[in-house]
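Undergrad: Dropping the structure in here first, questions after.
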Amino acid sequence: MTEVSRAATFLSAAINSSGLTQKEIARRAVFSRPNVISMMKSGETKIPIPRVPGLAVACGIPKHRLLEVVLSEEHPEIWEVISDMVCFDP
């Protein structure tokens, strides 16, 4: 059994907290196939960085929080530079 990524866990919690179905999240975030949401939640597929803003808005969470989780996991060196240059509240 593989460990689910931090980004997948974060997204899953955000979706559960939103009170919306995965199908509704997919529609609001303009994903053509709702099963992509399941794949991201399970860690089967990564959250595409260009889709972070729409996905965050669809889930009702701050865009920068989802971006932080995704970038710090997938590109920690890039996130370190960005977070050093831009003030993000934890």
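Quick note on naming: the chains in the structure tokens go A, B, ... in the order shown, residues restart at 1 in each chain, and ligands are numbered from 1 in order of appearance.
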Write out as a Markdown table the residues of region 10-30 of chain A that have any atom within 8 Å of an atom of region 61-68 of chain A, one row each with the nearest atom pair and its distance in Å to one decimal, counting only C-alpha atoms, sorted by chain and then rising number.
TA:
```
| residue | atom | partner | partner_atom | distance |
| --- | --- | --- | --- | --- |
| A:Phe10 | CA | A:Leu66 | CA | 7.8 |
| A:Leu11 | CA | A:Leu66 | CA | 7.8 |
| A:Ala14 | CA | A:Ile61 | CA | 7.0 |
```
Undergrad: Using only C-alpha atoms, which protein or nucleic acid residues come within 8 Å of Ile47 (chain A)? Drop anything in the same chain fewer than 5 positions from it, and give the result as an MDAnalysis selection string.
TA: chainID A and resid 7:8 40 52 70
Undergrad: Could you pull the residues within 12 Å of Cys59 (chain A), counting only C-alpha atoms, minus those fewer than 6 positions along the same chain, as a ChimeraX atom specification?
TA: /A:10-29,37,52-53,65-66
Undergrad: Dump N, CA and C atoms for the selected residues as a CSV table (one decimal), in the first residue's frame?
TA:
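Ended up saving to result_12.csv:
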```
chain,number,residue,atom,x,y,z
A,10,PHE,N,-4.5,17.0,1.6
A,10,PHE,CA,-5.0,18.4,1.7
A,10,PHE,C,-6.2,18.6,0.8
A,11,LEU,N,-6.1,18.2,-0.4
A,11,LEU,CA,-7.2,18.4,-1.4
A,11,LEU,C,-8.5,17.6,-0.9
A,12,SER,N,-8.3,16.4,-0.5
A,12,SER,CA,-9.4,15.6,0.0
A,12,SER,C,-10.1,16.2,1.2
A,13,ALA,N,-9.3,16.8,2.1
A,13,ALA,CA,-9.9,17.5,3.3
A,13,ALA,C,-10.7,18.7,2.8
A,14,ALA,N,-10.1,19.5,1.8
A,14,ALA,CA,-10.7,20.7,1.3
A,14,ALA,C,-12.1,20.3,0.6
A,15,ILE,N,-12.1,19.3,-0.1
A,15,ILE,CA,-13.3,18.9,-0.8
A,15,ILE,C,-14.3,18.4,0.2
A,16,ASN,N,-13.9,17.7,1.2
A,16,ASN,CA,-14.9,17.2,2.2
A,16,ASN,C,-15.4,18.4,3.0
A,17,SER,N,-14.6,19.4,3.3
A,17,SER,CA,-15.0,20.6,4.0
A,17,SER,C,-16.0,21.5,3.2
A,18,SER,N,-15.8,21.4,1.9
A,18,SER,CA,-16.6,22.3,1.0
A,18,SER,C,-18.1,21.9,1.1
A,19,GLY,N,-18.4,20.7,1.4
A,19,GLY,CA,-19.8,20.3,1.3
A,19,GLY,C,-20.3,20.0,-0.1
A,20,LEU,N,-19.4,20.1,-1.0
A,20,LEU,CA,-19.8,19.8,-2.4
A,20,LEU,C,-19.4,18.4,-2.8
A,21,THR,N,-20.0,17.9,-3.9
A,21,THR,CA,-19.6,16.6,-4.4
A,21,THR,C,-18.4,16.8,-5.3
A,22,GLN,N,-17.7,15.7,-5.5
A,22,GLN,CA,-16.6,15.7,-6.5
A,22,GLN,C,-17.0,16.2,-7.8
A,23,LYS,N,-18.2,15.8,-8.3
A,23,LYS,CA,-18.7,16.2,-9.6
A,23,LYS,C,-18.9,17.7,-9.6
A,24,GLU,N,-19.4,18.3,-8.5
A,24,GLU,CA,-19.6,19.7,-8.5
A,24,GLU,C,-18.3,20.5,-8.5
A,25,ILE,N,-17.3,19.9,-7.7
A,25,ILE,CA,-16.0,20.5,-7.7
A,25,ILE,C,-15.4,20.5,-9.1
A,26,ALA,N,-15.5,19.3,-9.8
A,26,ALA,CA,-15.0,19.2,-11.1
A,26,ALA,C,-15.6,20.2,-12.1
A,27,ARG,N,-16.9,20.4,-11.9
A,27,ARG,CA,-17.6,21.3,-12.8
A,27,ARG,C,-17.2,22.8,-12.5
A,28,ARG,N,-17.1,23.1,-11.3
A,28,ARG,CA,-16.7,24.5,-10.9
A,28,ARG,C,-15.2,24.8,-11.3
A,29,ALA,N,-14.4,23.8,-11.2
A,29,ALA,CA,-13.0,23.9,-11.5
A,29,ALA,C,-12.7,23.7,-13.0
A,37,ILE,N,-10.9,14.3,-10.3
A,37,ILE,CA,-10.9,14.7,-8.9
A,37,ILE,C,-10.6,13.5,-7.9
A,52,VAL,N,-4.4,24.8,-10.0
A,52,VAL,CA,-4.5,25.1,-8.6
A,52,VAL,C,-5.5,26.3,-8.3
A,53,PRO,N,-5.4,27.4,-9.0
A,53,PRO,CA,-6.3,28.5,-8.7
A,53,PRO,C,-7.8,28.1,-8.8
A,65,ARG,N,-2.8,28.7,-0.3
A,65,ARG,CA,-2.6,27.5,0.5
A,65,ARG,C,-2.4,26.3,-0.3
A,66,LEU,N,-3.3,26.1,-1.3
A,66,LEU,CA,-3.2,24.9,-2.2
A,66,LEU,C,-1.9,25.0,-3.0
```
Undergrad: Go through chain A and collect every residue that DSSP, computed from the backbone, puts in helix (DSSP H, G or I); the answer should be as a PyMOL selection string.
TA: chain A and resi 6-18+22-28+35-42+49-59+63-74+76-85
Undergrad: So the first atom is CA of Ile78 (chain A) and the second is CA of Glu44 (chain A); what is the distance between them in Å, to one decimal place?
TA: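 One can read the CA of Ile78 (chain A) to CA of Glu44 (chain A) distance as 23.0 Å.
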Undergrad: Determine the nearest neighbour of Arg6 (chain A) from the options A:Val69, A:Ile82, A:Leu55, A:Val36, counting only C-alpha atoms.
TA: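 Nearest to Arg6 (chain A): A:Val69.
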Undergrad: In terms of the shortest atom-to-atom distance over only C-alpha atoms, which of A:Pro34, A:Glu3, A:Leu71, A:Glu77 is closest to Pro50 (chain A)?
TA: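 The closest residue to Pro50 (chain A) is A:Leu71.
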Undergrad: Tell me, in Å to one decimal, how far CA of Lys46 (chain A) is from CA of Val81 (chain A).
TA: 21.4 Å
Undergrad: How far is it from CA of Val57 (chain A) to CA of Arg33 (chain A), in Å with one decimal?
TA: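 Taking CA of Val57 (chain A) and CA of Arg33 (chain A), their separation equals 17.7 Å.
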